[in-house]
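Read through the structure below, which is laid out as structure tokens, and then see the notes.
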Amino acid sequence: MKYRVRHRTVYEYAEPVTVSHHAARLKPRITPGQLRDHWSLAIAPEPAVRKMRTDYFGNRVCFFSVQELHTRLEIEAVSEVRVQPGLPADPALSPAWDDVAQALREPATDELLEAYPYVFESPHVRPSPELVTLAGPAFEPGRPLLEAVCDLNRLIHRSFTFDAEATTVGTPIEDVLRERRGVCQDFSHVMLGCLRSLGLAARYVSGYLRTHRAGEPGEALVGADASHAWLSVFCPGFGWVDFDPTNDLRPGFEHITVAYGRDFADVSPVSGMIVGGGEHRVDVAVQVEPL
């Protein structure tokens, strides 16, 4: 399936900004199931400095600096990608989850070493006994890893309510667990915390969902028309396998991957610092259309 993605971010400042420095992670990744045919990034005002580089996690990042007075900053990324995921792995054929956790304690192969950084806590994901308790019903000893993760994915989907007003980007997992409300970022952080609390490797994935217009076949997924988040769990012999707890499914043709990281802090679409500006407003619009 081929898509055109438009991701537009507009900052409106109450007072002039004298200088701003930003990092934009908006370039879709090339993966075994995804090809990128085109990508462009328009920034207004025109930055005085603009450079691309690859971060630790393999994401492409545009660093730019606007050094003229401005009260509005507009960033628009346009991409064309082809999504062609392979056949889904059979969960019943995956190794036992506790054997995988044991192997990750002392990684002895290149495959395990690649996954090792995603076993530990990160700024937004701290393992805890409460997260182990939440995951417990799905992770009986000796159960196939992917079967257990499928059940955990379903458990979080059913136990938490999608509420765009309930949390912010900085809401800790503990608050989400208590209130049982949040958005895709929160549900992904909770599931990452469950998996890492059990000694498993899991990474945060940022991206987009296909936009369904009125009259089109198919059901719109929760999280469309904005940046979306899900996660991948590492399974020896299967590699990284994606799960979307917000929609209780295994991502396929309607998920477009942009960046990987330990949690949201590693993959924020646009981040940075400014001098001046006072209060500000941010408007974000995402449109994903099949070609």
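Ligands are numbered from 1 in the order shown, chains are lettered A, B, ... in the order of the structure tokens, and residues start at 1 in each chain.
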Would you tabulate, counting only C-alpha atoms, all residues of region 69-185 of chain A that have an atom at most 10 Å from an atom of region 277-285 of chain A, showing the closest pair of atoms and their distance in Å to one decimal, sorted by chain then ascending number, as JSON lines?
```
{"residue": "A:Leu69", "atom": "CA", "partner": "A:Gly277", "partner_atom": "CA", "distance": 9.7}
{"residue": "A:His70", "atom": "CA", "partner": "A:Gly277", "partner_atom": "CA", "distance": 8.5}
{"residue": "A:Thr71", "atom": "CA", "partner": "A:Gly277", "partner_atom": "CA", "distance": 7.0}
{"residue": "A:Arg72", "atom": "CA", "partner": "A:His280", "partner_atom": "CA", "distance": 9.3}
{"residue": "A:Leu73", "atom": "CA", "partner": "A:Val282", "partner_atom": "CA", "distance": 9.6}
{"residue": "A:Glu74", "atom": "CA", "partner": "A:Asp283", "partner_atom": "CA", "distance": 9.6}
{"residue": "A:Ile75", "atom": "CA", "partner": "A:Val284", "partner_atom": "CA", "distance": 9.6}
{"residue": "A:Glu76", "atom": "CA", "partner": "A:Ala285", "partner_atom": "CA", "distance": 9.5}
```
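Omitting region 54-59 of chain A and its sequence neighbours fewer than 3 positions away, and counting only C-alpha atoms, the residues within 7 Å are Arg29, Ala259, Tyr260 and Gly261 of chain A.
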Just want the 12 Å neighbourhood of Arg50 (chain A), counted on only C-alpha atoms, with same-chain residues fewer than 2 positions away dropped. Output as number ranges by chain.
A: 21-24, 41-43, 46-48, 52-53, 61-67
Within 10 Å of region 169-191 of chain A, which residues of region 45-160 of chain A show up? Give each one with its shortest atom-to-atom distance in Å (one decimal) and the two atoms involved, counting only C-alpha atoms, rows by chain then rising residue number, as a Markdown table.
```
| residue | atom | partner | partner_atom | distance |
| --- | --- | --- | --- | --- |
| A:Pro123 | CA | A:Pro172 | CA | 9.5 |
| A:His124 | CA | A:Pro172 | CA | 6.6 |
| A:Val125 | CA | A:His189 | CA | 6.0 |
| A:Arg126 | CA | A:Ile173 | CA | 7.9 |
| A:Pro127 | CA | A:Val190 | CA | 9.4 |
| A:Ser128 | CA | A:Glu174 | CA | 9.4 |
| A:Glu130 | CA | A:Leu177 | CA | 8.6 |
| A:Leu131 | CA | A:Val190 | CA | 7.6 |
| A:Leu134 | CA | A:Leu177 | CA | 9.2 |
| A:Ala135 | CA | A:Met191 | CA | 8.4 |
| A:Val149 | CA | A:Met191 | CA | 9.1 |
| A:Leu152 | CA | A:Met191 | CA | 7.6 |
| A:Asn153 | CA | A:Met191 | CA | 7.4 |
| A:Leu155 | CA | A:Met191 | CA | 9.8 |
| A:Ile156 | CA | A:Phe187 | CA | 7.1 |
| A:His157 | CA | A:Phe187 | CA | 8.0 |
| A:Ser159 | CA | A:Arg180 | CA | 6.9 |
| A:Phe160 | CA | A:Arg180 | CA | 4.7 |
```
Between A:Ser79, A:Ser206, A:Gln102, A:Gln287, single out the one closest to Ala226 (chain A), counting only C-alpha atoms.
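Of the candidates, the smallest distance to Ala226 (chain A) is held by A:Gln287.
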List the spatial neighbours of Leu231 (chain A) as an MDAnalysis selection string - criterion: any atom at most 8 Å away, only C-alpha atoms, same-chain residues fewer than 4 positions off excluded.
chainID A and resid 188 192 202:205 242:244
Enumerate, as a VMD selection string, the complete set of residues in region 6-107 of chain A that a backbone-based DSSP assignment places in strand (DSSP E or B).
chain A and resid 6 to 24 31 34 to 44 49 to 54 60 to 66 70 to 83 96
Region 147-252 of chain A: which residues are helix (DSSP H, G or I) by DSSP, as number ranges by chain?
A: 147-159, 173-179, 184-197
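Interatomic distance, CA of Pro144 (chain A) against CA of Phe162 (chain A): 28.8 Å.
The space between CA of Ser40 (chain A) and CA of Val258 (chain A) spans 13.8 Å.
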Interatomic distance between CA of Ile274 (chain A) and CA of Val19 (chain A)?
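CA of Ile274 (chain A) sits 5.9 Å away from CA of Val19 (chain A).
Within the 10 Å cut-off around Thr31 (chain A), using only C-alpha atoms and omitting residues fewer than 3 positions from it on the same chain, the listed residues are Pro28, Gln34, Leu35, Arg36, Val83, Gln84, Pro85, Thr257 and Val258 of chain A.
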